[in-house]
file input.cif (mmCIF, C-alpha atoms)
data_work
#
loop_
_atom_site.label_atom_id
_atom_site.label_comp_id
_atom_site.auth_asym_id
_atom_site.auth_seq_id
_atom_site.Cartn_x
_atom_site.Cartn_y
_atom_site.Cartn_z
CA ASP D 22 -82.25 -155.11 -80.17
CA MET D 23 -84.50 -152.99 -77.98
CA PHE D 24 -82.10 -150.04 -78.06
CA GLU D 25 -81.88 -150.28 -81.84
CA ASP D 26 -85.69 -150.37 -82.09
CA LEU D 27 -85.79 -147.17 -80.02
CA GLY D 28 -83.15 -145.49 -82.20
CA VAL D 29 -80.60 -145.49 -79.37
CA ARG D 30 -77.03 -146.26 -80.37
CA ALA D 31 -75.50 -148.99 -78.24
CA PHE D 32 -72.52 -151.31 -78.28
CA GLY D 33 -73.07 -155.04 -77.96
CA PRO D 34 -74.43 -158.09 -79.75
CA LYS D 35 -77.94 -158.43 -81.07
CA LYS D 36 -80.04 -161.16 -79.48
CA SER D 37 -79.44 -163.42 -82.49
CA ALA D 38 -75.67 -163.17 -81.97
CA ALA D 39 -75.77 -163.43 -78.17
CA ILE D 40 -77.16 -166.98 -78.42
CA ILE D 41 -73.58 -168.20 -78.83
CA GLU D 42 -73.07 -167.30 -75.17
CA SER D 43 -76.57 -167.94 -73.82
CA SER D 44 -77.09 -171.46 -75.23
CA LYS D 45 -74.45 -174.13 -74.80
CA ALA D 46 -76.43 -176.47 -77.07
CA PHE D 47 -76.40 -173.87 -79.88
CA SER D 48 -72.67 -173.24 -79.39
CA LYS D 49 -71.80 -176.93 -79.38
CA GLU D 50 -73.81 -177.56 -82.57
CA LEU D 51 -72.12 -174.59 -84.24
CA MET D 52 -68.70 -175.96 -83.29
CA LYS D 53 -69.58 -179.45 -84.52
CA LYS D 54 -71.02 -178.18 -87.81
CA TYR D 55 -67.98 -176.04 -88.64
CA SER D 56 -65.25 -178.33 -87.19
CA ILE D 57 -64.31 -175.89 -84.43
CA PRO D 58 -62.49 -177.80 -81.67
CA THR D 59 -64.69 -178.76 -78.70
CA ALA D 60 -65.14 -181.57 -76.21
CA THR D 61 -67.17 -184.61 -77.30
CA TYR D 62 -70.78 -184.21 -76.16
CA GLU D 63 -74.45 -185.11 -76.49
CA THR D 64 -77.46 -182.84 -75.95
CA PHE D 65 -80.68 -183.97 -74.24
CA THR D 66 -84.19 -182.62 -73.70
CA ASP D 67 -85.49 -185.98 -72.43
CA ILE D 68 -84.38 -186.93 -68.92
CA GLY D 69 -84.78 -190.67 -69.56
CA LYS D 70 -82.50 -190.55 -72.59
CA ALA D 71 -79.94 -188.49 -70.67
CA LEU D 72 -79.88 -190.95 -67.78
CA GLU D 73 -79.62 -193.91 -70.15
CA TYR D 74 -76.74 -192.25 -72.01
CA LEU D 75 -74.83 -191.80 -68.76
CA LYS D 76 -74.83 -195.58 -68.28
CA SER D 77 -73.15 -196.05 -71.67
CA ILE D 78 -70.14 -193.77 -71.10
CA SER D 79 -67.21 -193.62 -68.71
CA MET D 80 -66.85 -191.12 -65.90
CA PRO D 81 -65.97 -188.39 -65.14
CA VAL D 82 -68.21 -186.14 -67.26
CA ALA D 83 -69.38 -182.54 -67.29
CA VAL D 84 -73.16 -182.08 -67.05
CA LYS D 85 -74.13 -178.60 -68.20
CA ALA D 86 -77.38 -176.67 -68.21
CA ASP D 87 -77.98 -175.28 -71.70
CA GLY D 88 -78.84 -171.73 -70.69
CA LEU D 89 -77.37 -169.10 -68.43
CA ALA D 90 -76.97 -170.16 -64.80
CA LEU D 91 -74.77 -167.44 -63.30
CA GLY D 92 -71.63 -169.44 -64.01
CA LYS D 93 -72.88 -172.33 -61.87
CA GLY D 94 -74.60 -174.47 -64.51
CA ALA D 95 -71.79 -176.95 -65.03
CA ILE D 96 -71.42 -179.92 -62.69
CA MET D 97 -68.25 -182.00 -62.84
CA ALA D 98 -69.46 -185.52 -62.04
CA HIS D 99 -66.84 -188.09 -61.07
CA SER D 100 -69.22 -191.01 -60.68
CA LEU D 101 -72.38 -192.28 -62.34
CA ALA D 102 -74.36 -191.40 -59.19
CA GLU D 103 -73.08 -187.80 -59.27
CA ALA D 104 -73.86 -187.49 -63.00
CA GLU D 105 -77.38 -188.86 -62.50
CA GLU D 106 -77.94 -186.49 -59.58
CA ALA D 107 -76.81 -183.54 -61.73
CA VAL D 108 -79.17 -184.48 -64.59
CA ILE D 109 -82.11 -185.00 -62.22
CA SER D 110 -81.44 -181.76 -60.35
CA MET D 111 -81.39 -179.80 -63.60
CA MET D 112 -84.06 -181.49 -65.69
CA LYS D 113 -86.54 -182.71 -63.08
CA ASP D 114 -85.99 -180.54 -60.00
CA GLY D 115 -85.44 -177.30 -61.96
CA LYS D 116 -82.21 -176.35 -60.17
CA PHE D 117 -81.40 -173.80 -62.88
CA GLY D 118 -84.96 -173.04 -64.01
CA ASP D 119 -85.53 -173.07 -67.77
CA SER D 120 -81.75 -173.15 -68.33
CA GLY D 121 -81.69 -176.79 -67.23
CA LYS D 122 -84.53 -178.09 -69.40
CA THR D 123 -81.87 -178.99 -71.96
CA VAL D 124 -78.58 -180.49 -70.76
CA ILE D 125 -75.29 -181.18 -72.41
CA ILE D 126 -73.30 -184.19 -71.22
CA GLU D 127 -69.74 -183.57 -72.20
CA GLU D 128 -66.32 -185.15 -72.12
CA TYR D 129 -64.46 -184.18 -68.96
CA LEU D 130 -61.42 -182.16 -69.95
CA VAL D 131 -58.45 -181.70 -67.64
CA GLY D 132 -55.94 -178.90 -67.92
CA LYS D 133 -55.49 -175.17 -67.88
CA GLU D 134 -57.94 -172.81 -69.55
CA ALA D 135 -57.57 -169.33 -70.99
CA THR D 136 -60.39 -167.10 -72.18
CA VAL D 137 -60.21 -164.71 -75.11
CA LEU D 138 -63.19 -162.60 -76.15
CA ALA D 139 -63.18 -160.76 -79.46
CA PHE D 140 -64.78 -157.81 -81.16
CA SER D 141 -66.29 -158.43 -84.58
CA ASP D 142 -68.38 -156.55 -87.10
CA GLY D 143 -69.34 -159.81 -88.80
CA ASN D 144 -66.26 -159.80 -91.04
CA THR D 145 -63.23 -158.67 -89.07
CA VAL D 146 -62.16 -160.25 -85.78
CA VAL D 147 -60.10 -158.37 -83.19
CA PRO D 148 -59.27 -160.40 -80.07
CA MET D 149 -59.23 -158.71 -76.68
CA VAL D 150 -56.60 -159.39 -74.03
CA SER D 151 -56.63 -162.97 -72.74
CA SER D 152 -57.67 -163.86 -69.22
CA GLN D 153 -57.53 -166.88 -66.96
CA ASP D 154 -59.83 -167.72 -64.09
CA HIS D 155 -60.10 -170.30 -61.38
CA LYS D 156 -62.87 -172.63 -62.55
CA ARG D 157 -63.75 -174.42 -59.32
CA ALA D 158 -64.10 -173.18 -55.76
CA TYR D 159 -62.27 -174.48 -52.69
CA ASP D 160 -58.86 -176.05 -52.29
CA ASN D 161 -58.09 -178.90 -54.68
CA ASP D 162 -60.94 -177.79 -57.01
CA GLU D 163 -63.54 -179.55 -54.85
CA GLY D 164 -66.38 -177.02 -55.27
CA LEU D 165 -68.74 -175.86 -57.98
CA ASN D 166 -67.61 -173.73 -60.90
CA THR D 167 -67.04 -170.16 -59.81
CA GLY D 168 -68.19 -168.38 -62.95
CA GLY D 169 -64.87 -166.59 -63.33
CA MET D 170 -63.97 -165.62 -59.78
CA GLY D 171 -60.30 -164.74 -59.43
CA ALA D 172 -59.57 -163.88 -63.06
CA ILE D 173 -56.18 -162.56 -64.10
CA ALA D 174 -55.24 -160.87 -67.36
CA PRO D 175 -53.38 -161.44 -69.53
CA SER D 176 -53.24 -165.19 -69.17
CA ARG D 177 -49.74 -166.58 -68.81
CA LEU D 178 -50.83 -169.53 -70.97
CA TYR D 179 -51.91 -167.56 -74.04
CA ASN D 180 -48.82 -166.99 -76.16
CA GLU D 181 -48.32 -165.88 -79.78
CA ASP D 182 -48.44 -169.43 -81.18
CA LEU D 183 -51.67 -170.22 -79.34
CA ALA D 184 -53.15 -166.89 -80.46
CA LYS D 185 -52.45 -167.80 -84.11
CA LEU D 186 -53.94 -171.28 -83.64
CA CYS D 187 -57.08 -169.84 -82.04
CA MET D 188 -57.48 -167.25 -84.80
CA GLU D 189 -57.35 -169.93 -87.49
CA THR D 190 -59.32 -172.71 -85.78
CA ILE D 191 -61.83 -170.79 -83.62
CA PHE D 192 -62.26 -167.06 -84.36
CA LYS D 193 -62.25 -167.06 -88.15
CA PRO D 194 -64.42 -170.18 -88.57
CA THR D 195 -66.93 -168.82 -86.05
CA ILE D 196 -67.31 -165.51 -87.88
CA GLN D 197 -67.41 -167.20 -91.30
#
call {"tool": "encode", "arguments": {"input": "input.cif", "output": "structure tokens"}}
result
Amino acid sequence: DMFEDLGVRAFGPKKSAAIIESSKAFSKELMKKYSIPTATYETFTDIGKALEYLKSISMPVAVKADGLALGKGAIMAHSLAEAEEAVISMMKDGKFGDSGKTVIIEEYLVGKEATVLAFSDGNTVVPMVSSQDHKRAYDNDEGLNTGGMGAIAPSRLYNEDLAKLCMETIFKPTIQ
């Protein structure tokens, strides 16, 4: 936006479009509203309500800071105590600064993950090459999320059938 205001041509999203990456709460609401597949979740700005919610669901869960946290804002909690600690560290102790004032408590998904970014002019979608990273540090995935350390491209998981499914259920609905 600043470059555009200065008359400098630049490639990249405007601030209003970048929110899809910088706010997990925004992204989750967008996915829910337009039936784009995502894990079951709840969003909280009140620590008491977040802690109470944790007592009503089964573990494990993912506790995520809403904003950017250098790829470290997602805690995989395997017990109620770990989930409560994650919420308190984000919302009360400010572990991730303003990014943790809002948290998303999300269904814990198990499996492989591939990433595909795409170029769009607001109408057309052109996917980039897929990639795959190692989500958690240390042997046996015992550490925090790595934020993409160890990525490989293209992902061996992302085949033609999956690409078609993603185009129809994720890319096109997001742009529309």
call {"tool": "resolve_selection", "arguments": {"input": "input.cif", "expression": "the PyMOL selection byres ((chain D and resi 125-139) around 8)", "output": "PyMOL selection string"}}
result
chain D and resi 45-46+60-65+71+80-87+97+123-124+140-141+146-154+176+178-179
call {"tool": "write_last_selection", "arguments": {"input": "input.cif", "atoms": "C-alpha atoms", "output": "mmCIF file, keeping the file's coordinate frame"}}
result
data_model
loop_
_atom_site.group_PDB
_atom_site.id
_atom_site.type_symbol
_atom_site.label_atom_id
_atom_site.label_comp_id
_atom_site.auth_asym_id
_atom_site.auth_seq_id
_atom_site.Cartn_x
_atom_site.Cartn_y
_atom_site.Cartn_z
ATOM 1 C CA LYS D 45 -74.450 -174.130 -74.800
ATOM 2 C CA ALA D 46 -76.430 -176.470 -77.070
ATOM 3 C CA ALA D 60 -65.140 -181.570 -76.210
ATOM 4 C CA THR D 61 -67.170 -184.610 -77.300
ATOM 5 C CA TYR D 62 -70.780 -184.210 -76.160
ATOM 6 C CA GLU D 63 -74.450 -185.110 -76.490
ATOM 7 C CA THR D 64 -77.460 -182.840 -75.950
ATOM 8 C CA PHE D 65 -80.680 -183.970 -74.240
ATOM 9 C CA ALA D 71 -79.940 -188.490 -70.670
ATOM 10 C CA MET D 80 -66.850 -191.120 -65.900
ATOM 11 C CA PRO D 81 -65.970 -188.390 -65.140
ATOM 12 C CA VAL D 82 -68.210 -186.140 -67.260
ATOM 13 C CA ALA D 83 -69.380 -182.540 -67.290
ATOM 14 C CA VAL D 84 -73.160 -182.080 -67.050
ATOM 15 C CA LYS D 85 -74.130 -178.600 -68.200
ATOM 16 C CA ALA D 86 -77.380 -176.670 -68.210
ATOM 17 C CA ASP D 87 -77.980 -175.280 -71.700
ATOM 18 C CA MET D 97 -68.250 -182.000 -62.840
ATOM 19 C CA THR D 123 -81.870 -178.990 -71.960
ATOM 20 C CA VAL D 124 -78.580 -180.490 -70.760
ATOM 21 C CA PHE D 140 -64.780 -157.810 -81.160
ATOM 22 C CA SER D 141 -66.290 -158.430 -84.580
ATOM 23 C CA VAL D 146 -62.160 -160.250 -85.780
ATOM 24 C CA VAL D 147 -60.100 -158.370 -83.190
ATOM 25 C CA PRO D 148 -59.270 -160.400 -80.070
ATOM 26 C CA MET D 149 -59.230 -158.710 -76.680
ATOM 27 C CA VAL D 150 -56.600 -159.390 -74.030
ATOM 28 C CA SER D 151 -56.630 -162.970 -72.740
ATOM 29 C CA SER D 152 -57.670 -163.860 -69.220
ATOM 30 C CA GLN D 153 -57.530 -166.880 -66.960
ATOM 31 C CA ASP D 154 -59.830 -167.720 -64.090
ATOM 32 C CA SER D 176 -53.240 -165.190 -69.170
ATOM 33 C CA LEU D 178 -50.830 -169.530 -70.970
ATOM 34 C CA TYR D 179 -51.910 -167.560 -74.040
#
call {"tool": "residues_around", "arguments": {"input": "input.cif", "residues": "Ser43 (chain D)", "least_positions_apart": "6", "cutoff": "10 Å", "atoms": "only C-alpha atoms", "output": "VMD selection string"}}
result
chain D and resid 36 87 to 90 120
call {"tool": "atom_distance", "arguments": {"input": "input.cif", "atom1": "CA of Ser100 (chain D)", "atom2": "CA of Ser79 (chain D)"}}
result
8.7 Å
call {"tool": "atom_distance", "arguments": {"input": "input.cif", "atom1": "CA of Gly28 (chain D)", "atom2": "CA of Ile40 (chain D)"}}
result
22.6 Å
call {"tool": "atom_distance", "arguments": {"input": "input.cif", "atom1": "CA of Ile191 (chain D)", "atom2": "CA of Ile57 (chain D)"}}
result
5.7 Å
call {"tool": "closest_residue", "arguments": {"input": "input.cif", "among": "D:Ile78, D:Met111, D:Ile196, D:Ala39", "to": "Ile96 (chain D)", "atoms": "all atoms listed in the file"}}
result
D:Met111
call {"tool": "closest_residue", "arguments": {"input": "input.cif", "among": "D:Thr145, D:Thr66, D:Gln197, D:Ser37", "to": "Ile109 (chain D)", "atoms": "all atoms listed in the file"}}
result
D:Thr66
call {"tool": "decode", "arguments": {"input": "input.cif", "residues": "region 123-157 of chain D", "atoms": "N, CA, C and O atoms", "output": "short mmCIF file (atom, residue, chain, number, x, y, z; two decimals), in the first residue's frame"}}
result
data_model
loop_
_atom_site.label_atom_id
_atom_site.label_comp_id
_atom_site.auth_asym_id
_atom_site.auth_seq_id
_atom_site.Cartn_x
_atom_site.Cartn_y
_atom_site.Cartn_z
N THR D 123 -5.68 -12.63 20.74
CA THR D 123 -6.77 -13.49 20.25
C THR D 123 -6.17 -14.85 19.99
O THR D 123 -5.09 -14.95 19.39
N VAL D 124 -6.85 -15.91 20.45
CA VAL D 124 -6.35 -17.27 20.19
C VAL D 124 -7.43 -18.09 19.49
O VAL D 124 -8.62 -17.85 19.67
N ILE D 125 -6.96 -19.05 18.75
CA ILE D 125 -7.82 -20.01 18.08
C ILE D 125 -7.50 -21.36 18.73
O ILE D 125 -6.34 -21.75 18.80
N ILE D 126 -8.52 -22.03 19.20
CA ILE D 126 -8.37 -23.39 19.71
C ILE D 126 -9.00 -24.29 18.68
O ILE D 126 -10.18 -24.17 18.35
N GLU D 127 -8.17 -25.19 18.15
CA GLU D 127 -8.52 -25.90 16.93
C GLU D 127 -8.35 -27.40 17.10
O GLU D 127 -7.48 -27.87 17.82
N GLU D 128 -9.17 -28.11 16.37
CA GLU D 128 -9.06 -29.57 16.27
C GLU D 128 -7.63 -29.95 15.90
O GLU D 128 -7.01 -29.33 15.04
N TYR D 129 -7.10 -30.95 16.55
CA TYR D 129 -5.76 -31.43 16.30
C TYR D 129 -5.81 -32.39 15.11
O TYR D 129 -6.43 -33.44 15.19
N LEU D 130 -5.17 -32.01 14.03
CA LEU D 130 -5.17 -32.84 12.83
C LEU D 130 -3.85 -33.61 12.75
O LEU D 130 -2.79 -33.07 13.05
N VAL D 131 -3.94 -34.85 12.33
CA VAL D 131 -2.76 -35.70 12.19
C VAL D 131 -2.62 -36.08 10.73
O VAL D 131 -3.61 -36.42 10.08
N GLY D 132 -1.41 -36.03 10.22
CA GLY D 132 -1.19 -36.45 8.85
C GLY D 132 -0.12 -35.62 8.18
O GLY D 132 0.56 -34.81 8.82
N LYS D 133 0.01 -35.81 6.91
CA LYS D 133 1.00 -35.09 6.11
C LYS D 133 0.38 -33.78 5.63
O LYS D 133 -0.83 -33.67 5.49
N GLU D 134 1.23 -32.81 5.36
CA GLU D 134 0.76 -31.50 4.92
C GLU D 134 1.58 -31.05 3.72
O GLU D 134 2.80 -31.22 3.68
N ALA D 135 0.91 -30.48 2.75
CA ALA D 135 1.58 -29.84 1.62
C ALA D 135 1.11 -28.39 1.58
O ALA D 135 0.00 -28.08 2.00
N THR D 136 1.96 -27.53 1.07
CA THR D 136 1.63 -26.11 0.95
C THR D 136 1.63 -25.73 -0.52
O THR D 136 2.55 -26.12 -1.26
N VAL D 137 0.62 -24.97 -0.93
CA VAL D 137 0.60 -24.45 -2.29
C VAL D 137 0.15 -23.00 -2.21
O VAL D 137 -0.96 -22.69 -1.76
N LEU D 138 1.02 -22.10 -2.61
CA LEU D 138 0.68 -20.68 -2.72
C LEU D 138 0.21 -20.44 -4.14
O LEU D 138 0.47 -21.24 -5.04
N ALA D 139 -0.47 -19.32 -4.36
CA ALA D 139 -0.99 -19.05 -5.70
C ALA D 139 -0.90 -17.56 -6.00
O ALA D 139 -0.97 -16.72 -5.10
N PHE D 140 -0.76 -17.26 -7.27
CA PHE D 140 -0.85 -15.89 -7.75
C PHE D 140 -2.30 -15.64 -8.14
O PHE D 140 -2.97 -16.54 -8.66
N SER D 141 -2.78 -14.44 -7.91
CA SER D 141 -4.13 -14.09 -8.33
C SER D 141 -4.23 -12.60 -8.59
O SER D 141 -3.61 -11.80 -7.90
N ASP D 142 -5.02 -12.25 -9.59
CA ASP D 142 -5.31 -10.84 -9.84
C ASP D 142 -6.70 -10.47 -9.32
O ASP D 142 -7.22 -9.42 -9.62
N GLY D 143 -7.28 -11.36 -8.54
CA GLY D 143 -8.63 -11.16 -8.02
C GLY D 143 -9.67 -11.92 -8.80
O GLY D 143 -10.81 -12.04 -8.36
N ASN D 144 -9.29 -12.44 -9.96
CA ASN D 144 -10.20 -13.24 -10.80
C ASN D 144 -9.58 -14.58 -11.16
O ASN D 144 -10.21 -15.62 -11.00
N THR D 145 -8.38 -14.56 -11.66
CA THR D 145 -7.68 -15.75 -12.11
C THR D 145 -6.78 -16.25 -10.98
O THR D 145 -6.22 -15.46 -10.24
N VAL D 146 -6.65 -17.57 -10.87
CA VAL D 146 -5.79 -18.19 -9.87
C VAL D 146 -4.76 -19.06 -10.59
O VAL D 146 -5.14 -19.90 -11.41
N VAL D 147 -3.49 -18.85 -10.29
CA VAL D 147 -2.42 -19.65 -10.86
C VAL D 147 -1.57 -20.19 -9.71
O VAL D 147 -0.80 -19.44 -9.10
N PRO D 148 -1.73 -21.48 -9.39
CA PRO D 148 -0.94 -22.06 -8.30
C PRO D 148 0.55 -22.10 -8.61
O PRO D 148 0.95 -22.29 -9.77
N MET D 149 1.34 -21.93 -7.58
CA MET D 149 2.79 -22.09 -7.68
C MET D 149 3.11 -23.57 -7.44
O MET D 149 2.22 -24.37 -7.20
N VAL D 150 4.39 -23.90 -7.48
CA VAL D 150 4.81 -25.28 -7.21
C VAL D 150 4.50 -25.59 -5.74
O VAL D 150 4.59 -24.73 -4.87
N SER D 151 4.12 -26.82 -5.47
CA SER D 151 3.83 -27.24 -4.10
C SER D 151 5.12 -27.38 -3.30
O SER D 151 6.21 -27.50 -3.86
N SER D 152 4.97 -27.36 -1.98
CA SER D 152 6.12 -27.61 -1.11
C SER D 152 5.64 -28.40 0.10
O SER D 152 4.45 -28.52 0.35
N GLN D 153 6.59 -28.91 0.83
CA GLN D 153 6.27 -29.68 2.04
C GLN D 153 7.37 -29.37 3.04
O GLN D 153 8.55 -29.37 2.71
N ASP D 154 6.95 -29.08 4.29
CA ASP D 154 7.96 -28.79 5.30
C ASP D 154 7.80 -29.73 6.48
O ASP D 154 6.88 -30.54 6.54
N HIS D 155 8.71 -29.61 7.38
CA HIS D 155 8.69 -30.42 8.60
C HIS D 155 8.13 -29.52 9.69
O HIS D 155 8.78 -28.55 10.10
N LYS D 156 6.90 -29.79 10.12
CA LYS D 156 6.18 -28.88 11.00
C LYS D 156 6.83 -28.73 12.37
O LYS D 156 6.90 -27.64 12.91
N ARG D 157 7.25 -29.82 12.98
CA ARG D 157 7.73 -29.73 14.36
C ARG D 157 9.20 -30.12 14.46
O ARG D 157 9.66 -31.00 13.75
#
